[in-house]
Amino acid sequence: MNKIGLIFDGGRLTAGQFGRIRFDPAEHDMWAVHDLATWQELVAPLAFTRLDAVERARHGDGPTFLITHT
């Protein structure tokens with residue numbers, strides 16, 4: 001199955017906006033905000049490659065095309 005994923009930067013959220021985040025508990029049991037170094041420790045290398053590309057694009061070094069299959 002082929003698929004494509006697009007990520008759009010919606011800007012920074014305020015503390016109040018974070019407090020209003022709600023997910024369907026049947027799909028998600030938590031969410032978190034961390035700096036990039038912490039995410040690198042927490043997620044698999046391929047997931048971090050994608051997250052790092054998003055962060056670089058946010059700072060003007062993008063867009064990026066990633067192939068995430070072998």
# chains A, B, ... in the order shown; residues from 1 in each chain; ligands from 1

$ residues_around --residues "Arg50 (chain A)" --least-positions-apart "5" --cutoff "12 Å" --atoms "only C-alpha atoms" --output "list in words"
Gly5, Leu6, Ile7, Leu36, Trp39, Gln40, Val43, Ala44, Pro45, Glu55, Arg56, Ala57, Pro63, Thr64, Phe65, Leu66, Ile67 and Thr68 of chain A

$ write_last_selection --atoms "N, CA and C atoms" --output "short mmCIF file (atom, residue, chain, number, x, y, z; two decimals), in the first residue's frame"
data_model
loop_
_atom_site.label_atom_id
_atom_site.label_comp_id
_atom_site.auth_asym_id
_atom_site.auth_seq_id
_atom_site.Cartn_x
_atom_site.Cartn_y
_atom_site.Cartn_z
N GLY A 5 2.54 11.18 3.70
CA GLY A 5 2.24 11.92 4.92
C GLY A 5 2.72 13.35 4.78
N LEU A 6 1.89 14.28 5.15
CA LEU A 6 2.23 15.70 5.11
C LEU A 6 2.11 16.26 6.51
N ILE A 7 3.02 17.14 6.86
CA ILE A 7 3.01 17.76 8.18
C ILE A 7 2.97 19.27 7.99
N LEU A 36 13.93 18.39 21.47
CA LEU A 36 14.36 17.44 20.44
C LEU A 36 15.33 16.40 20.98
N TRP A 39 13.36 13.69 22.73
CA TRP A 39 12.67 12.82 21.78
C TRP A 39 13.64 11.83 21.14
N GLN A 40 14.86 12.26 20.89
CA GLN A 40 15.84 11.36 20.29
C GLN A 40 16.10 10.16 21.19
N VAL A 43 12.35 7.84 21.11
CA VAL A 43 11.72 7.21 19.95
C VAL A 43 12.73 6.43 19.12
N ALA A 44 12.20 5.57 18.26
CA ALA A 44 13.05 4.77 17.37
C ALA A 44 13.78 5.69 16.39
N PRO A 45 14.94 5.25 15.91
CA PRO A 45 15.74 6.10 15.00
C PRO A 45 14.97 6.60 13.78
N GLU A 55 11.53 19.48 12.32
CA GLU A 55 12.11 20.60 13.07
C GLU A 55 13.02 21.45 12.19
N ARG A 56 13.82 20.81 11.35
CA ARG A 56 14.69 21.58 10.45
C ARG A 56 13.85 22.40 9.47
N ALA A 57 12.78 21.83 8.95
CA ALA A 57 11.91 22.56 8.03
C ALA A 57 11.26 23.75 8.73
N PRO A 63 11.48 22.33 2.48
CA PRO A 63 10.91 21.05 2.90
C PRO A 63 11.85 19.87 2.66
N THR A 64 11.44 18.73 3.17
CA THR A 64 12.26 17.52 3.08
C THR A 64 11.42 16.38 2.52
N PHE A 65 12.04 15.59 1.69
CA PHE A 65 11.41 14.37 1.17
C PHE A 65 12.09 13.19 1.84
N LEU A 66 11.33 12.40 2.57
CA LEU A 66 11.89 11.23 3.25
C LEU A 66 11.26 9.96 2.69
N ILE A 67 12.06 8.95 2.48
CA ILE A 67 11.58 7.63 2.15
C ILE A 67 11.74 6.80 3.41
N THR A 68 10.63 6.27 3.92
CA THR A 68 10.67 5.62 5.22
C THR A 68 10.49 4.11 5.14
#

$ atom_distance --atom1 "CA of Ala53 (chain A)" --atom2 "CA of Leu13 (chain A)"
20.1 Å

$ atom_distance --atom1 "CA of His59 (chain A)" --atom2 "CA of Ala37 (chain A)"
16.2 Å

$ select_by_dssp --residues "chain A" --states "alpha helix (DSSP H)" --output "PDB file with N, CA, C and O atoms, in the first residue's frame"
ATOM      1  N   ALA A  15      -0.060  27.684  26.900  1.00  0.00           N
ATOM      2  CA  ALA A  15      -0.342  26.740  27.984  1.00  0.00           C
ATOM      3  C   ALA A  15      -1.835  26.423  28.035  1.00  0.00           C
ATOM      4  O   ALA A  15      -2.230  25.272  28.255  1.00  0.00           O
ATOM      5  N   GLY A  16      -2.668  27.409  27.808  1.00  0.00           N
ATOM      6  CA  GLY A  16      -4.119  27.185  27.803  1.00  0.00           C
ATOM      7  C   GLY A  16      -4.558  26.263  26.685  1.00  0.00           C
ATOM      8  O   GLY A  16      -5.438  25.415  26.869  1.00  0.00           O
ATOM      9  N   GLN A  17      -3.956  26.420  25.512  1.00  0.00           N
ATOM     10  CA  GLN A  17      -4.289  25.539  24.398  1.00  0.00           C
ATOM     11  C   GLN A  17      -3.842  24.107  24.690  1.00  0.00           C
ATOM     12  O   GLN A  17      -4.571  23.165  24.396  1.00  0.00           O
ATOM     13  N   PHE A  18      -2.658  23.936  25.264  1.00  0.00           N
ATOM     14  CA  PHE A  18      -2.221  22.596  25.651  1.00  0.00           C
ATOM     15  C   PHE A  18      -3.203  21.971  26.628  1.00  0.00           C
ATOM     16  O   PHE A  18      -3.513  20.790  26.553  1.00  0.00           O
ATOM     17  N   GLY A  19      -3.709  22.772  27.554  1.00  0.00           N
ATOM     18  CA  GLY A  19      -4.638  22.262  28.555  1.00  0.00           C
ATOM     19  C   GLY A  19      -5.962  21.795  27.985  1.00  0.00           C
ATOM     20  O   GLY A  19      -6.675  21.028  28.623  1.00  0.00           O
ATOM     21  N   LEU A  36      13.931  18.390  21.467  1.00  0.00           N
ATOM     22  CA  LEU A  36      14.356  17.444  20.441  1.00  0.00           C
ATOM     23  C   LEU A  36      15.325  16.396  20.978  1.00  0.00           C
ATOM     24  O   LEU A  36      15.239  15.216  20.619  1.00  0.00           O
ATOM     25  N   ALA A  37      16.237  16.785  21.856  1.00  0.00           N
ATOM     26  CA  ALA A  37      17.199  15.829  22.415  1.00  0.00           C
ATOM     27  C   ALA A  37      16.498  14.726  23.209  1.00  0.00           C
ATOM     28  O   ALA A  37      16.878  13.556  23.129  1.00  0.00           O
ATOM     29  N   THR A  38      15.469  15.080  23.953  1.00  0.00           N
ATOM     30  CA  THR A  38      14.731  14.078  24.718  1.00  0.00           C
ATOM     31  C   THR A  38      13.979  13.140  23.791  1.00  0.00           C
ATOM     32  O   THR A  38      13.963  11.923  24.002  1.00  0.00           O
ATOM     33  N   TRP A  39      13.359  13.686  22.732  1.00  0.00           N
ATOM     34  CA  TRP A  39      12.666  12.821  21.782  1.00  0.00           C
ATOM     35  C   TRP A  39      13.638  11.834  21.143  1.00  0.00           C
ATOM     36  O   TRP A  39      13.289  10.683  20.907  1.00  0.00           O
ATOM     37  N   GLN A  40      14.858  12.264  20.891  1.00  0.00           N
ATOM     38  CA  GLN A  40      15.836  11.356  20.286  1.00  0.00           C
ATOM     39  C   GLN A  40      16.099  10.157  21.190  1.00  0.00           C
ATOM     40  O   GLN A  40      16.312   9.049  20.715  1.00  0.00           O
ATOM     41  N   GLU A  41      16.061  10.372  22.496  1.00  0.00           N
ATOM     42  CA  GLU A  41      16.253   9.276  23.445  1.00  0.00           C
ATOM     43  C   GLU A  41      15.017   8.373  23.538  1.00  0.00           C
ATOM     44  O   GLU A  41      15.140   7.189  23.846  1.00  0.00           O
ATOM     45  N   LEU A  42      13.837   8.914  23.275  1.00  0.00           N
ATOM     46  CA  LEU A  42      12.591   8.196  23.514  1.00  0.00           C
ATOM     47  C   LEU A  42      12.053   7.403  22.328  1.00  0.00           C
ATOM     48  O   LEU A  42      11.333   6.421  22.529  1.00  0.00           O
ATOM     49  N   PRO A  45      14.943   5.251  15.907  1.00  0.00           N
ATOM     50  CA  PRO A  45      15.740   6.096  15.000  1.00  0.00           C
ATOM     51  C   PRO A  45      14.975   6.604  13.775  1.00  0.00           C
ATOM     52  O   PRO A  45      15.108   7.776  13.411  1.00  0.00           O
ATOM     53  N   LEU A  46      14.172   5.759  13.133  1.00  0.00           N
ATOM     54  CA  LEU A  46      13.430   6.208  11.957  1.00  0.00           C
ATOM     55  C   LEU A  46      12.409   7.284  12.327  1.00  0.00           C
ATOM     56  O   LEU A  46      12.250   8.275  11.608  1.00  0.00           O
ATOM     57  N   ALA A  47      11.747   7.125  13.444  1.00  0.00           N
ATOM     58  CA  ALA A  47      10.788   8.132  13.894  1.00  0.00           C
ATOM     59  C   ALA A  47      11.502   9.448  14.197  1.00  0.00           C
ATOM     60  O   ALA A  47      10.995  10.527  13.893  1.00  0.00           O
ATOM     61  N   PHE A  48      12.691   9.366  14.782  1.00  0.00           N
ATOM     62  CA  PHE A  48      13.427  10.590  15.074  1.00  0.00           C
ATOM     63  C   PHE A  48      13.902  11.272  13.791  1.00  0.00           C
ATOM     64  O   PHE A  48      13.897  12.500  13.714  1.00  0.00           O
ATOM     65  N   THR A  49      14.278  10.502  12.783  1.00  0.00           N
ATOM     66  CA  THR A  49      14.686  11.095  11.503  1.00  0.00           C
ATOM     67  C   THR A  49      13.570  11.970  10.951  1.00  0.00           C
ATOM     68  O   THR A  49      13.798  13.083  10.490  1.00  0.00           O
ATOM     69  N   ARG A  50      12.339  11.470  11.033  1.00  0.00           N
ATOM     70  CA  ARG A  50      11.182  12.237  10.566  1.00  0.00           C
ATOM     71  C   ARG A  50      10.972  13.478  11.428  1.00  0.00           C
ATOM     72  O   ARG A  50      10.773  14.581  10.924  1.00  0.00           O
ATOM     73  N   LEU A  51      11.035  13.327  12.741  1.00  0.00           N
ATOM     74  CA  LEU A  51      10.845  14.452  13.639  1.00  0.00           C
ATOM     75  C   LEU A  51      11.932  15.508  13.443  1.00  0.00           C
ATOM     76  O   LEU A  51      11.656  16.709  13.416  1.00  0.00           O
ATOM     77  N   ASP A  52      13.170  15.080  13.268  1.00  0.00           N
ATOM     78  CA  ASP A  52      14.277  16.011  13.039  1.00  0.00           C
ATOM     79  C   ASP A  52      14.078  16.777  11.730  1.00  0.00           C
ATOM     80  O   ASP A  52      14.332  17.984  11.660  1.00  0.00           O
ATOM     81  N   ALA A  53      13.596  16.103  10.694  1.00  0.00           N
ATOM     82  CA  ALA A  53      13.334  16.770   9.414  1.00  0.00           C
ATOM     83  C   ALA A  53      12.237  17.821   9.562  1.00  0.00           C
ATOM     84  O   ALA A  53      12.333  18.913   8.994  1.00  0.00           O
ATOM     85  N   VAL A  54      11.216  17.506  10.347  1.00  0.00           N
ATOM     86  CA  VAL A  54      10.150  18.475  10.607  1.00  0.00           C
ATOM     87  C   VAL A  54      10.717  19.699  11.317  1.00  0.00           C
ATOM     88  O   VAL A  54      10.433  20.841  10.953  1.00  0.00           O
ATOM     89  N   GLU A  55      11.534  19.478  12.317  1.00  0.00           N
ATOM     90  CA  GLU A  55      12.105  20.595  13.075  1.00  0.00           C
ATOM     91  C   GLU A  55      13.018  21.454  12.191  1.00  0.00           C
ATOM     92  O   GLU A  55      12.981  22.682  12.254  1.00  0.00           O
ATOM     93  N   ARG A  56      13.824  20.812  11.353  1.00  0.00           N
ATOM     94  CA  ARG A  56      14.688  21.583  10.451  1.00  0.00           C
ATOM     95  C   ARG A  56      13.854  22.400   9.470  1.00  0.00           C
ATOM     96  O   ARG A  56      14.176  23.553   9.185  1.00  0.00           O
ATOM     97  N   ALA A  57      12.781  21.830   8.954  1.00  0.00           N
ATOM     98  CA  ALA A  57      11.907  22.561   8.032  1.00  0.00           C
ATOM     99  C   ALA A  57      11.255  23.748   8.725  1.00  0.00           C
ATOM    100  O   ALA A  57      11.109  24.820   8.137  1.00  0.00           O
ATOM    101  N   ARG A  58      10.881  23.566   9.987  1.00  0.00           N
ATOM    102  CA  ARG A  58      10.293  24.674  10.758  1.00  0.00           C
ATOM    103  C   ARG A  58      11.228  25.862  10.848  1.00  0.00           C
ATOM    104  O   ARG A  58      10.800  27.008  10.925  1.00  0.00           O
TER     105      ARG A  58
END
